[in-house]
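Trainee: Got a file for you: work-v5.cif, mmCIF, C-alpha atoms.
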data_my_file
loop_
_atom_site.label_atom_id
_atom_site.label_comp_id
_atom_site.auth_asym_id
_atom_site.auth_seq_id
_atom_site.Cartn_x
_atom_site.Cartn_y
_atom_site.Cartn_z
CA MET A 143 0.00 0.00 0.00
CA LEU A 144 1.03 3.57 -0.67
CA HIS A 145 0.74 5.86 2.35
CA ILE A 146 0.59 9.56 1.53
CA VAL A 147 1.37 12.02 4.34
CA ASN A 148 0.97 15.78 3.86
CA LYS A 149 1.18 17.32 7.34
CA SER A 150 4.21 18.57 9.24
CA SER A 151 5.32 16.03 11.81
CA PRO A 152 5.95 18.41 14.74
CA ASP A 153 2.63 20.17 14.03
CA ARG A 154 0.33 17.18 13.52
CA ASN A 155 0.46 13.48 14.37
CA THR A 156 -0.37 12.05 10.94
CA LEU A 157 3.12 10.67 10.26
CA ASP A 158 3.13 9.12 13.75
CA SER A 159 -0.25 7.48 13.09
CA CYS A 160 0.94 6.18 9.75
CA LEU A 161 4.13 4.71 11.22
CA ARG A 162 2.22 3.21 14.14
CA VAL A 163 -0.51 1.55 12.06
CA ALA A 164 1.09 0.61 8.76
CA ASN A 165 2.98 -2.66 8.61
CA GLY A 166 5.14 -1.73 5.69
CA GLY A 167 4.95 -0.72 2.06
CA THR A 168 5.62 2.72 0.67
CA ILE A 169 5.37 6.18 2.18
CA LEU A 170 5.21 9.33 0.08
CA LEU A 171 5.81 12.62 1.91
CA ILE A 172 4.26 15.69 0.27
CA GLU A 173 3.51 19.33 1.20
CA ASP A 174 4.44 20.13 4.83
CA ALA A 175 5.33 16.48 5.50
CA VAL A 176 8.54 16.85 3.49
CA TYR A 177 10.28 18.46 6.50
CA ALA A 178 10.29 15.01 8.14
CA ALA A 179 12.71 13.78 5.48
CA THR A 180 15.36 16.40 6.20
CA ARG A 181 18.63 16.04 8.09
CA GLY A 182 19.10 17.71 11.44
CA ASN A 183 15.50 17.84 12.63
CA GLU A 184 15.02 16.37 16.09
CA GLU A 185 12.54 13.73 14.90
CA GLU A 186 14.92 12.51 12.19
CA GLY A 187 15.38 9.17 13.98
CA LYS A 188 11.71 8.34 13.67
CA LEU A 189 11.77 8.27 9.87
CA ARG A 190 15.24 6.77 9.77
CA ASP A 191 13.98 3.80 11.80
CA ALA A 192 11.03 3.46 9.43
CA LEU A 193 13.36 3.06 6.44
CA SER A 194 13.86 -0.61 7.39
CA ARG A 195 10.11 -1.23 7.03
CA PHE A 196 9.12 1.21 4.30
CA LYS A 197 10.37 2.56 1.01
CA VAL A 198 10.18 6.31 1.55
CA TYR A 199 9.71 8.90 -1.20
CA VAL A 200 9.48 12.68 -0.96
CA LEU A 201 7.99 15.07 -3.51
CA ALA A 202 10.85 17.22 -4.86
CA PRO A 203 8.84 20.34 -5.84
CA ASP A 204 7.55 20.58 -2.24
CA LEU A 205 11.09 20.28 -0.85
CA GLU A 206 12.33 22.98 -3.25
CA ALA A 207 9.47 25.34 -2.42
CA ARG A 208 10.45 25.15 1.24
CA GLY A 209 14.17 25.66 0.62
CA MET A 210 14.98 22.19 1.98
CA ALA A 211 16.12 20.34 -1.17
CA ASP A 212 19.79 20.43 -0.11
CA ARG A 213 19.25 18.60 3.17
CA ILE A 214 17.31 15.49 2.24
CA MET A 215 17.94 12.50 4.49
CA GLU A 216 19.97 9.60 3.15
CA GLY A 217 17.84 6.62 2.09
CA VAL A 218 14.88 8.73 1.00
CA THR A 219 14.14 9.00 -2.75
CA THR A 220 12.83 12.15 -4.44
CA VAL A 221 10.08 12.01 -7.06
CA ASP A 222 8.50 14.65 -9.30
CA TYR A 223 4.77 14.86 -10.09
CA GLY A 224 5.15 12.16 -12.77
CA GLY A 225 6.79 9.93 -10.17
CA PHE A 226 3.88 10.64 -7.82
CA VAL A 227 1.45 9.34 -10.47
CA ASP A 228 3.65 6.28 -11.08
CA LEU A 229 3.62 5.45 -7.36
CA VAL A 230 -0.17 5.66 -7.27
CA THR A 231 -0.56 3.39 -10.30
CA GLU A 232 2.06 0.89 -9.14
CA HIS A 233 0.32 0.27 -5.81
CA LYS A 234 -2.87 -1.72 -5.37
CA ASN A 235 -4.33 0.93 -3.05
CA CYS A 236 -3.39 4.06 -1.19
CA GLN A 237 -4.19 5.82 2.06
CA SER A 238 -3.97 9.58 2.46
CA TRP A 239 -3.33 10.42 6.10
CA LEU A 240 -5.16 13.75 6.28
CA MET B 1031 -3.10 59.42 11.45
CA SER B 1032 -0.71 61.48 13.55
CA GLU B 1033 -3.44 61.97 16.17
CA GLY B 1034 -4.26 58.27 16.33
CA THR B 1035 -3.46 55.84 19.11
CA VAL B 1036 -0.47 53.58 18.56
CA LYS B 1037 -0.94 50.10 19.93
CA LYS B 1038 1.59 47.32 20.27
CA PHE B 1039 0.63 44.53 17.85
CA MET B 1040 2.21 41.10 17.86
CA PHE B 1041 1.76 38.60 15.05
CA VAL B 1042 2.46 35.04 16.13
CA ASN B 1043 3.38 32.82 13.18
CA ARG B 1044 3.36 29.09 13.93
CA LYS B 1045 2.77 27.41 10.55
CA ALA B 1046 5.08 26.33 7.75
CA PRO B 1047 4.64 28.21 4.45
CA TYR B 1048 2.65 26.87 1.44
CA GLY B 1049 1.05 23.85 3.15
CA THR B 1050 -1.59 26.17 4.59
CA ILE B 1051 -2.58 29.76 3.79
CA TYR B 1052 -1.72 31.10 7.27
CA ALA B 1053 1.79 32.38 6.52
CA LEU B 1054 0.69 34.40 3.50
CA GLU B 1055 -2.43 35.74 5.23
CA SER B 1056 -0.36 36.85 8.21
CA LEU B 1057 1.97 38.75 5.92
CA GLU B 1058 -0.99 40.55 4.31
CA VAL B 1059 -2.39 41.66 7.68
CA VAL B 1060 1.06 42.70 8.90
CA LEU B 1061 1.41 45.06 5.94
CA ILE B 1062 -2.07 46.50 6.53
CA THR B 1063 -1.29 47.11 10.20
CA ALA B 1064 1.97 48.85 9.34
CA ALA B 1065 0.06 51.15 6.96
CA PHE B 1066 -1.84 52.41 10.02
CA ASP B 1067 1.42 53.38 11.76
CA GLN B 1068 1.15 50.81 14.53
CA ASP B 1069 3.94 49.28 16.58
CA VAL B 1070 4.34 45.86 14.95
CA SER B 1071 6.29 42.84 16.19
CA LEU B 1072 6.49 39.53 14.33
CA VAL B 1073 7.17 36.29 16.13
CA PHE B 1074 8.11 33.07 14.37
CA MET B 1075 7.76 30.01 16.54
CA ASP B 1076 7.21 26.26 16.08
CA ASP B 1077 6.88 25.50 12.32
CA GLY B 1078 6.60 29.24 11.68
CA VAL B 1079 10.39 29.46 11.63
CA PHE B 1080 10.27 27.65 8.26
CA GLN B 1081 8.67 30.76 6.74
CA LEU B 1082 12.07 32.49 6.94
CA LYS B 1083 14.13 29.63 5.45
CA LYS B 1084 16.53 30.76 2.73
CA GLY B 1085 16.39 29.29 -0.76
CA GLN B 1086 12.64 28.84 -1.28
CA GLN B 1087 11.90 28.05 -4.94
CA THR B 1088 8.21 27.65 -5.67
CA LYS B 1089 8.24 27.27 -9.46
CA GLY B 1090 7.59 23.53 -9.13
CA ILE B 1091 4.48 23.92 -7.00
CA GLU B 1092 3.23 26.88 -9.05
CA ASN B 1093 2.70 29.04 -5.96
CA LYS B 1094 3.86 32.60 -5.43
CA ASN B 1095 7.16 32.67 -3.54
CA PHE B 1096 6.33 35.27 -0.91
CA SER B 1097 9.54 34.81 1.08
CA PRO B 1098 11.30 37.89 -0.44
CA THR B 1099 8.55 40.00 1.18
CA TYR B 1100 10.08 39.37 4.61
CA ARG B 1101 13.17 41.23 3.42
CA ALA B 1102 11.00 44.15 2.31
CA LEU B 1103 9.33 44.59 5.72
CA ASP B 1104 12.18 46.87 6.70
CA GLY B 1105 10.85 49.39 4.15
CA TYR B 1106 7.53 49.48 6.01
CA ASP B 1107 9.31 50.20 9.31
CA ILE B 1108 8.70 46.66 10.52
CA GLU B 1109 12.00 45.80 12.13
CA LYS B 1110 10.99 43.74 15.15
CA LEU B 1111 11.30 40.13 14.04
CA TYR B 1112 11.70 37.53 16.77
CA VAL B 1113 12.46 33.84 16.25
CA GLU B 1114 12.09 31.06 18.81
CA GLU B 1115 15.49 29.61 19.62
CA GLU B 1116 14.17 26.16 20.57
CA ALA B 1117 12.09 25.88 17.38
CA LEU B 1118 15.14 26.54 15.21
CA ALA B 1119 17.22 23.94 17.03
CA ALA B 1120 14.47 21.30 16.85
CA ARG B 1121 14.35 21.72 13.06
CA GLY B 1122 18.10 21.62 12.49
CA LEU B 1123 18.17 25.30 11.55
CA THR B 1124 20.44 28.14 12.64
CA GLU B 1125 20.20 31.90 12.26
CA ASP B 1126 22.38 31.57 9.13
CA ASP B 1127 19.60 29.60 7.42
CA LEU B 1128 17.23 32.56 7.65
CA LEU B 1129 16.74 35.07 4.83
CA VAL B 1130 16.39 38.14 7.02
CA ASP B 1131 17.99 39.59 10.17
CA VAL B 1132 16.10 38.54 13.28
CA THR B 1133 16.40 38.51 17.04
CA VAL B 1134 16.61 34.94 18.32
CA MET B 1135 14.88 34.50 21.68
CA SER B 1136 14.06 31.69 24.07
CA ARG B 1137 10.46 30.63 24.62
CA ALA B 1138 10.55 32.19 28.07
CA GLU B 1139 11.68 35.55 26.68
CA LEU B 1140 9.01 35.44 23.97
CA GLY B 1141 6.40 34.81 26.64
CA LYS B 1142 7.46 37.92 28.50
CA LEU B 1143 7.38 39.97 25.30
CA MET B 1144 3.87 38.67 24.57
CA ASP B 1145 2.68 39.93 27.95
CA GLU B 1146 3.69 43.48 26.98
CA MET B 1147 1.44 43.59 23.90
CA ASP B 1148 -1.91 45.34 23.46
CA VAL B 1149 -3.05 43.05 20.63
CA VAL B 1150 -1.84 39.55 19.74
CA LEU B 1151 -2.89 37.95 16.46
CA SER B 1152 -2.22 34.29 15.85
CA PHE B 1153 -1.57 32.63 12.50
#
Could you rewrite the structure in this file as C-alpha cells?

Mentor:
Amino acid sequence: MLHIVNKSSPDRNTLDSCLRVANGGTILLIEDAVYAATRGNEEEGKLRDALSRFKVYVLAPDLEARGMADRIMEGVTTVDYGGFVDLVTEHKNCQSWL
Amino acid sequence: MSEGTVKKFMFVNRKAPYGTIYALESLEVVLITAAFDQDVSLVFMDDGVFQLKKGQQTKGIENKNFSPTYRALDGYDIEKLYVEEEALAARGLTEDDLLVDVTVMSRAELGKLMDEMDVVLSF
C-alpha cells in the first residue's frame, strides 16, 4: 500500500499514526510532511527507523518550495509529479493520512 | 493618522509556508497594520520558523514565492522580528539559514514579550 502524508510532523500526528498503524509498504511525503525527510530535525530518527520497514519517497517540488532540497535524508528518494502518479498506479491501493 | 493611538501589535506565526494559507495571510495583515502606523512585532515560533528559510523556490508547485517579502518589511518600518530559539534547534536550523535579520529568543523571553502587547494575532 502507498501511504501519503501531507502534514508537518511536529505540528500534527499524521506521520506518527501512519508509522504506528502501517505494517510496511511505501510512504510518500508531500507538502508540509517533506520536512520530516530532512537532516538535522530532532525527529529525524523516527523516519530513519522506518526506512527498514518502508520505502520512503518525498515530492521534490515541495522540498524545493520550502528551501529544503539540499538537506534530504539519506535513504529517501525524491520524485517529481510524474513519479507521484507512477507510485499511485504501481500500488494496489493508497491511504492519504489527512 | 498622527493623532491616532499607537498600539503594540504582535503577530504570532506558527505554521510552515505553502502547506496552509496562514503564513501568506499573516503577511498581508502585517502590511495593513503597518500602513496604520502601529507598533508591529512579528514572532516566528514552532513550524513558523520555516517561513524564513533561505532558498525557497516555488516554481515547481506553481505558488507565489512570498519569502522575499520578509526582506521588504524593513521598508515598512517593521524591524521587530523575533524567532524562537528552541524551534530553530528542533528543526536543524540556525540563524544563518534565515533570509532576514532577526532577534533569536528563548520561549521564556518570547512569553514575557507577549505579555507586553496590546493586541496579539495568531496565524

Trainee: Care to translate the PyMOL selection byres ((chain A and resi 183) around 10) into actual residues of this file, as a ChimeraX atom specification?

Mentor: /A:152,177-182,184-187 /B:1117-1123

Trainee: Take the PyMOL selection byres ((chain B) within 7 of (chain A)), run it mentally on this structure, and tell me the resulting residues as an mmCIF file with C-alpha atoms, in the coordinates of the input.

Mentor:
data_model
loop_
_atom_site.group_PDB
_atom_site.id
_atom_site.type_symbol
_atom_site.label_atom_id
_atom_site.label_comp_id
_atom_site.auth_asym_id
_atom_site.auth_seq_id
_atom_site.Cartn_x
_atom_site.Cartn_y
_atom_site.Cartn_z
ATOM 1 C CA ALA B 1046 5.080 26.330 7.750
ATOM 2 C CA GLY B 1049 1.050 23.850 3.150
ATOM 3 C CA LYS B 1083 14.130 29.630 5.450
ATOM 4 C CA LYS B 1084 16.530 30.760 2.730
ATOM 5 C CA GLY B 1085 16.390 29.290 -0.760
ATOM 6 C CA GLN B 1086 12.640 28.840 -1.280
ATOM 7 C CA GLN B 1087 11.900 28.050 -4.940
ATOM 8 C CA THR B 1088 8.210 27.650 -5.670
ATOM 9 C CA GLY B 1090 7.590 23.530 -9.130
ATOM 10 C CA ILE B 1091 4.480 23.920 -7.000
ATOM 11 C CA ALA B 1120 14.470 21.300 16.850
ATOM 12 C CA ARG B 1121 14.350 21.720 13.060
ATOM 13 C CA GLY B 1122 18.100 21.620 12.490
#

Trainee: Using the chain letters and numbers from the file, give me the residues hit by the PyMOL selection byres ((chain A and resi 194) around 12), as a PDB file with C-alpha atoms, in the coordinates of the input.

Mentor:
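Wrote it out as result_12.pdb, contents follow:
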ATOM      1  CA  LEU A 161       4.130   4.710  11.220  1.00  0.00           C
ATOM      2  CA  ASN A 165       2.980  -2.660   8.610  1.00  0.00           C
ATOM      3  CA  GLY A 166       5.140  -1.730   5.690  1.00  0.00           C
ATOM      4  CA  GLY A 167       4.950  -0.720   2.060  1.00  0.00           C
ATOM      5  CA  THR A 168       5.620   2.720   0.670  1.00  0.00           C
ATOM      6  CA  GLY A 187      15.380   9.170  13.980  1.00  0.00           C
ATOM      7  CA  LYS A 188      11.710   8.340  13.670  1.00  0.00           C
ATOM      8  CA  LEU A 189      11.770   8.270   9.870  1.00  0.00           C
ATOM      9  CA  ARG A 190      15.240   6.770   9.770  1.00  0.00           C
ATOM     10  CA  ASP A 191      13.980   3.800  11.800  1.00  0.00           C
ATOM     11  CA  ALA A 192      11.030   3.460   9.430  1.00  0.00           C
ATOM     12  CA  LEU A 193      13.360   3.060   6.440  1.00  0.00           C
ATOM     13  CA  ARG A 195      10.110  -1.230   7.030  1.00  0.00           C
ATOM     14  CA  PHE A 196       9.120   1.210   4.300  1.00  0.00           C
ATOM     15  CA  LYS A 197      10.370   2.560   1.010  1.00  0.00           C
ATOM     16  CA  VAL A 198      10.180   6.310   1.550  1.00  0.00           C
ATOM     17  CA  GLY A 217      17.840   6.620   2.090  1.00  0.00           C
ATOM     18  CA  VAL A 218      14.880   8.730   1.000  1.00  0.00           C
TER      19      VAL A 218
END

Trainee: When you draw a straight line from atom CA of B:Leu1128 to atom CA of B:Leu1082, how long is it in Å?

Mentor: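 Computing the Euclidean distance for atom CA of B:Leu1128 and atom CA of B:Leu1082 yields 5.2 Å.
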
Trainee: Would you mind telling me which residue in A:Val200, A:Asp158, A:Leu171, A:Ile214 lies nearest to A:Ser238 when using all atoms listed in the file?

Mentor: A:Leu171

Trainee: Which residue, B:Asp1107, B:Glu1139, B:Glu1115, B:Asp1131, has the smallest gap to B:Val1070 when you use all atoms listed in the file?

Mentor: B:Asp1107

Trainee: At what distance in Å, to one decimal, does atom CA of A:Thr219 lie from atom CA of A:Gln237?

Mentor: 19.2 Å

Trainee: Would you mind listing what lies within 12 Å of B:Phe1074 as a VMD selection string, with only C-alpha atoms counted and same-chain residues fewer than 3 positions away left out?

Mentor: chain B and resid 1040 to 1047 1053 1056 to 1057 1071 1077 to 1083 1100 1110 to 1118 1128 1132 to 1137 1140 1152 to 1153

Trainee: So, with all atoms listed in the file as the atoms that count, which of B:Met1075, B:Leu1061, B:Met1144, B:Val1036 lies closest to B:Leu1103?

Mentor: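 So, comparing all the options, the nearest one is B:Leu1061.
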
Trainee: Around stretch 151-162 of chain A, with edges along x, y and z and 3 Å added on all six sides, what centre and edge lengths do you get, in Å to one decimal, as lines of an AutoDock Vina configuration file?

Mentor:
center_x = 2.8
center_y = 11.7
center_z = 12.2
size_x = 12.3
size_y = 23.0
size_z = 11.0

Trainee: Report, in Å to a single decimal, how far apart atom CA of B:Thr1035 and atom CA of B:Tyr1106 are.

Mentor: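 Atom CA of B:Tyr1106 sits 18.2 Å away from atom CA of B:Thr1035.
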
Trainee: Restricting the calculation to only C-alpha atoms, which member of A:Ile146, A:Ala164, A:Leu170, A:Val221 is positioned closest to A:Trp239?

Mentor: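 Closest to A:Trp239, using only C-alpha atoms: A:Ile146.
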